[in-house]
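For reference, the structure discussed in these notes is given below.
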Amino acid sequence: MKCLNLKLPNSIPALALAALLGAGNAAANGPIGDHVNDLQAHLLEYGDEVVWLIERIDGIVDAYESGGLAAANPEAIVEHWEEVIFHAAIETSYIPVYASIWQGLFGVRQAIEAEAPIGEVRVQQAMLEQSLWQGLGAVKMAAQFQQRGLSAVIEVTEAATPAETVDEIKQRLDRVVAKYAERLPEEAVSIVFDTYLTRFEGVEGMLIEQDAELVVDLEFDFNVTLPQALEGGAGLDQVRGVVLSMQSKLDRAKSLLEEAGQNRTSVF
Amino acid sequence: MKRRSFLRGLAVSGALPGTLASLPFPASPGLVSAAQSSGVVPVDELPALEGELTLYLGRGEGGLYENVLAAIEERNPGFTLNIRRGPTAALANAIVAEAGAGVGRADVFWAVDSGAIGLINEAGLARELPDDLIRQLRPAFRYPRWAPVTGRIRALPFNTDQLTAERIPRDIMSLPGSGLAIGWAPAYASFQSFVTAMRLLEGDRATADWLRGINESAISYAGELGVVMAVERGEAQIGFANHYYTLRLKSGMPEARVAMAFTRGDAGCLVNASGVLALGDGELPINFIRYLLTREVQTYLANEAYEIPLVAGVAPPPGLPDLASISPPEIDLTRLADLRPTLNLMREAGVL
């Protein structure tokens with residue numbers, strides 16, 4: 001696992017920072033390709049793909065509306081998504097939207113497979129389209145950073161401080177949601193345990209000196225709440241809720257660790 | 001006793017690569033030199049570091065090692081430290097691979113686990129350390145080609161509401177069948193080093209029986225802080241964990257219902273160590289290592305990371321029993337490097 005040490009101007013909005021922070025997690029479901037290192041050159045292609053995807057999905061929903069489940073072929077929704085290279089661009093740029101796209105894809109597919117009223121299917125379709133456009137926006141912003149040379153100052157390295165480690169943990173939890181959204185629960189659980197053993201365990205000893213109850217909470221989240229949600233087939237929103245709650249606790253952990261670091265005695 | 005005589009015999013004959021068997025805390029003849037300790041050196045007595053050095057740093061105690069490194073750089077304006085960070089075992093493999101390819105990049109390797117050091121020593125890559133540096137260390141921690149920096153003891157944290165120290169077996173091998181509710185973290189690296197030590201001391205069959213016996217009733221946790229917290233809550237009466245987890249828990253929760261017991265002369269009270277070795281040429285790598293052994297760095301790591309200073313004359317972290325009362329086994333720490341037989345054994349025993 002890598003983290004990115006960024007030197008960004010203060011004016012860069014939080015979404016952009018988050019987008020670039022996600023860029024180190026390059027492990028897409030399928031080949032990524034070199035295009036992710038030159039996003040600007042592929043923006044038109046990504047835009048065309050989003051339009052193409054929306055048209056394809058609209059066609060599937062139209063077919064469902066006119067001919068029912070037998071006419072719709074809802075399995076093609078995910079197949080179309082996996083055909084486009086935009087898939088890798090968003091996965092490596094802004095993982096939270098990536099998860100939302102998957103949620104939308106399965107939302108439309110499952111609504112059709114459940115033979116839901118067309119109104120419900122259209123609601124799912126609208127949510128998916130919104131996620132796709134959000135994803136395209138995030139990729140465009142990431143492309144701007146690449147263009148402005150900011151990617152040249154991205155240093156890929158292991159986290160050096162406890163606060164950086166906490167940031168890595170939060171990014172990994174975003175990936176847990178993404179993998180779960182892709183219907184890869186075993187991979188999601190594996191990320192949880194690996195994150196616990198190789199990252200959280202390295203900082204919790206220091207954290208417990210600051211707030212033992214917080215460590216107890218996070219221990220329970222890592223070892224019980226989140227794995228149980230993933231393995232028990234919880235809905236994606238429920239899993240996302242667990243992760244957001246953990247990330248909030250991790251924000252507090254980061255503050256405590258930074259404060260403790262400032263209060264430590266000097267070595268010499 | 002036979003096994004210890006055997007190990008000592010191997011060590012003296014040089015059959016154990018790189019080092020001799022250790023007997024950490026009791027005053028025993030030194031491995032490299034029987035001379036008296038030269039004592040701890042204050043940083044003011046060290047030469048300034050000049051030039052550029054590449055350190056491979058095994059991922060360890062959060063930011064505390066980083067704080068030490070930053071302080072060394074700050075103190076030496078003419079010194080530039082390049083750090084490559086990663087899991088200790090992966091860095092050890094990288095050092096061996098890079099040397100094989102003729103592109104050695106690391107000048108110094110600071111490993112959080114001495115097992116990985118064995119890999120480097122076996123490849124003949126580490127430089128011999130000067131005698132005056134080695135003699136700063138406690139006599140039983142003197143090795144010719146690496147310097148232990150700080151240590152950690154395997155301990156048995158127990159719930160003080162449910163047990164007293166007197167009820168805890170002093171022989172690790174007698175814990176299966178003791179009727180105690182045990183918590184453990186078998187996937188955890190320190191636990192696996194402990195099992196490796198048991199294999200070396202007791203043999204594979206006895207270790208497999210021990211694992212199966214514990215596994216019948218033990219509660220599993222992902223990490224060893226989790227084990228200590230479970231013991232404190234009373235989910236388990238006793239657990240297996242490095243000493244510093246209990247000290248840290250008690251630091252954040254002084255009323256915690258947990259204390260530590262130690263077995264005697266077996267793998268249950270193994271002392272493992274982080275260690276540093278010099279790979280690059282010249283005085284700079286050696287002088288850099290001297291900084292890690294100063295009174296200031298050793299004291300900092302004892303007070304902040306609860307690790308055990310291995311330089312003679314530096315006080316251990318508060319909350320540990322008198323080190324002279326601990327009797328760890330005689331074992332060459334670098335022999336803990338080969339985990340494969342241990343992992344195979346643990347899988348065969350149904351533990352992993």
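Residues are named by chain letter and number: chains run A, B, ... in the order of the structure tokens, numbers start at 1 in each chain, and ligands are numbered from 1 in the order shown.
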### Task
Identify all residues of region 18-122 of chain A in helix (DSSP H, G or I) (DSSP on the backbone) and supply them as number ranges by chain.
A: 18-24, 34-37, 40-67, 69-72, 76-83, 86-93, 95-113, 118-122
Rows by chain and residue number, chain B within 7 Å of chain A, shortest pair, only C-alpha atoms, as a tab-separated table:
residue	atom	partner	partner_atom	distance
B:Gly60	CA	A:Gly202	CA	6.7
B:Glu61	CA	A:Gly202	CA	6.2
B:Gly62	CA	A:Gly202	CA	5.4
B:Gly63	CA	A:Thr161	CA	4.7
B:Glu66	CA	A:Ala160	CA	6.7
B:Val68	CA	A:Val267	CA	6.2
B:Ala71	CA	A:Val267	CA	6.3
B:Arg85	CA	A:Glu158	CA	5.8
B:Gly86	CA	A:Glu158	CA	6.6
B:Gly223	CA	A:Leu197	CA	6.8
B:Tyr245	CA	A:Gly205	CA	6.7
B:Arg248	CA	A:Glu209	CA	6.0
B:Leu249	CA	A:Ile208	CA	6.1
B:Ser251	CA	A:Glu209	CA	5.5
B:Gly252	CA	A:Glu209	CA	3.8
B:Met253	CA	A:Ala212	CA	6.4
B:Glu296	CA	A:Phe268	CA	5.8
B:Val297	CA	A:Val267	CA	6.1
B:Tyr300	CA	A:Val267	CA	5.9
Quick one: write out the picked residues with all heavy atoms as a short mmCIF file (atom, residue, chain, number, x, y, z; two decimals), in the first residue's frame?
data_model
loop_
_atom_site.label_atom_id
_atom_site.label_comp_id
_atom_site.auth_asym_id
_atom_site.auth_seq_id
_atom_site.Cartn_x
_atom_site.Cartn_y
_atom_site.Cartn_z
N GLY B 60 7.51 -0.05 11.84
CA GLY B 60 7.51 -0.44 13.25
C GLY B 60 6.66 0.44 14.12
O GLY B 60 5.48 0.62 13.87
N GLU B 61 7.28 1.01 15.08
CA GLU B 61 6.57 1.71 16.13
C GLU B 61 6.02 3.05 15.68
O GLU B 61 6.45 4.10 16.17
CB GLU B 61 7.49 1.88 17.33
CG GLU B 61 7.64 0.62 18.15
CD GLU B 61 6.29 0.04 18.51
OE1 GLU B 61 5.48 0.77 19.10
OE2 GLU B 61 6.03 -1.12 18.18
N GLY B 62 5.10 3.02 14.78
CA GLY B 62 4.44 4.23 14.34
C GLY B 62 5.44 5.30 13.98
O GLY B 62 6.35 5.08 13.20
N GLY B 63 5.32 6.46 14.57
CA GLY B 63 6.22 7.55 14.22
C GLY B 63 7.40 7.70 15.16
O GLY B 63 8.19 8.63 14.98
N GLU B 66 10.65 7.34 13.50
CA GLU B 66 10.78 8.51 12.61
C GLU B 66 11.23 9.73 13.40
O GLU B 66 12.02 10.54 12.93
CB GLU B 66 9.44 8.81 11.93
CG GLU B 66 8.90 7.68 11.08
CD GLU B 66 9.58 7.58 9.74
OE1 GLU B 66 10.33 8.51 9.38
OE2 GLU B 66 9.37 6.55 9.06
N VAL B 68 13.07 9.75 16.03
CA VAL B 68 14.49 9.57 16.31
C VAL B 68 15.31 9.98 15.09
O VAL B 68 16.30 10.73 15.19
CB VAL B 68 14.79 8.10 16.68
CG1 VAL B 68 16.27 7.83 16.69
CG2 VAL B 68 14.16 7.77 18.04
N ALA B 71 15.32 13.69 14.53
CA ALA B 71 16.16 14.37 15.52
C ALA B 71 17.65 14.23 15.16
O ALA B 71 18.43 15.17 15.33
CB ALA B 71 15.89 13.80 16.90
N ARG B 85 11.03 2.92 3.35
CA ARG B 85 10.23 2.26 4.37
C ARG B 85 9.49 1.07 3.79
O ARG B 85 9.11 1.08 2.62
CB ARG B 85 9.22 3.25 4.97
CG ARG B 85 9.85 4.48 5.56
CD ARG B 85 8.81 5.50 5.97
NE ARG B 85 9.44 6.68 6.54
CZ ARG B 85 9.90 7.71 5.86
NH1 ARG B 85 9.76 7.72 4.53
NH2 ARG B 85 10.48 8.72 6.45
N GLY B 86 9.23 0.09 4.62
CA GLY B 86 8.46 -1.06 4.16
C GLY B 86 8.41 -2.11 5.23
O GLY B 86 9.03 -1.95 6.29
N GLY B 223 -4.96 -8.92 16.56
CA GLY B 223 -3.68 -8.38 17.00
C GLY B 223 -3.51 -8.54 18.49
O GLY B 223 -4.45 -8.91 19.22
N TYR B 245 2.30 -3.88 25.06
CA TYR B 245 0.86 -3.65 24.91
C TYR B 245 0.19 -3.44 26.27
O TYR B 245 -0.69 -2.60 26.42
CB TYR B 245 0.21 -4.82 24.16
CG TYR B 245 0.62 -4.88 22.72
CD1 TYR B 245 1.38 -5.92 22.22
CD2 TYR B 245 0.26 -3.86 21.85
CE1 TYR B 245 1.76 -5.96 20.89
CE2 TYR B 245 0.64 -3.89 20.52
CZ TYR B 245 1.40 -4.94 20.05
OH TYR B 245 1.78 -4.98 18.74
N ARG B 248 1.18 -0.04 27.60
CA ARG B 248 0.48 1.05 26.91
C ARG B 248 -0.98 1.13 27.33
O ARG B 248 -1.53 2.21 27.52
CB ARG B 248 0.59 0.85 25.40
CG ARG B 248 1.93 1.28 24.89
CD ARG B 248 1.98 1.25 23.40
NE ARG B 248 2.88 2.27 22.91
CZ ARG B 248 3.50 2.22 21.76
NH1 ARG B 248 3.32 1.20 20.96
NH2 ARG B 248 4.30 3.18 21.38
N LEU B 249 -1.61 -0.02 27.45
CA LEU B 249 -3.01 -0.02 27.88
C LEU B 249 -3.12 0.62 29.27
O LEU B 249 -4.00 1.44 29.52
CB LEU B 249 -3.57 -1.44 27.90
CG LEU B 249 -5.02 -1.56 28.39
CD1 LEU B 249 -5.97 -0.80 27.49
CD2 LEU B 249 -5.45 -3.01 28.48
N SER B 251 -1.15 2.72 30.54
CA SER B 251 -0.85 4.14 30.45
C SER B 251 -2.11 4.94 30.12
O SER B 251 -2.36 6.00 30.69
CB SER B 251 0.22 4.38 29.38
OG SER B 251 0.34 5.76 29.11
N GLY B 252 -2.92 4.39 29.18
CA GLY B 252 -4.15 5.09 28.80
C GLY B 252 -5.31 4.79 29.73
O GLY B 252 -6.28 5.53 29.78
N MET B 253 -5.22 3.68 30.46
CA MET B 253 -6.31 3.24 31.32
C MET B 253 -5.67 2.72 32.62
O MET B 253 -5.53 1.50 32.80
CB MET B 253 -7.09 2.12 30.61
CG MET B 253 -8.44 1.80 31.19
SD MET B 253 -9.12 0.27 30.46
CE MET B 253 -9.64 0.82 28.87
N GLU B 296 20.39 9.13 24.95
CA GLU B 296 19.18 9.89 24.65
C GLU B 296 18.19 9.06 23.82
O GLU B 296 16.98 9.04 24.11
CB GLU B 296 19.54 11.18 23.90
CG GLU B 296 20.27 12.21 24.75
CD GLU B 296 21.78 11.96 24.89
OE1 GLU B 296 22.26 10.93 24.34
OE2 GLU B 296 22.46 12.76 25.53
N VAL B 297 18.68 8.39 22.78
CA VAL B 297 17.76 7.61 21.93
C VAL B 297 17.22 6.40 22.70
O VAL B 297 16.02 6.09 22.65
CB VAL B 297 18.47 7.17 20.63
CG1 VAL B 297 17.61 6.16 19.87
CG2 VAL B 297 18.74 8.37 19.75
N TYR B 300 14.65 7.63 25.11
CA TYR B 300 13.44 8.05 24.39
C TYR B 300 12.58 6.83 24.02
O TYR B 300 11.37 6.81 24.25
CB TYR B 300 13.83 8.82 23.13
CG TYR B 300 12.67 9.30 22.30
CD1 TYR B 300 12.00 10.47 22.62
CD2 TYR B 300 12.25 8.58 21.19
CE1 TYR B 300 10.93 10.91 21.86
CE2 TYR B 300 11.18 9.01 20.43
CZ TYR B 300 10.53 10.18 20.76
OH TYR B 300 9.46 10.60 20.00
#
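Relative to CA of Val314 (chain B), CA of Thr299 (chain B) is found at 6.5 Å.
Between CA of Ser220 (chain B) and CA of Gly183 (chain B) lies a distance of 6.0 Å.
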Separating CA of Leu292 (chain B) from CA of Gly115 (chain B), to the nearest tenth of an Å, is a gap of 19.3 Å
| field | Residues of region 162-292 of chain B in strand (DSSP E), written as a list in words | value |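 The strand (DSSP E) residues within region 162-292 of chain B come out as Ile182, Gly183, Trp184, Ile219, Ser220, Ile238, Gly239, Ala241, Asn242, Val258, Ala259, Met260, Ala261, Val271, Asn272, Ala273, Ser274, Gly275, Val276, Leu277 and Ala278 of chain B.
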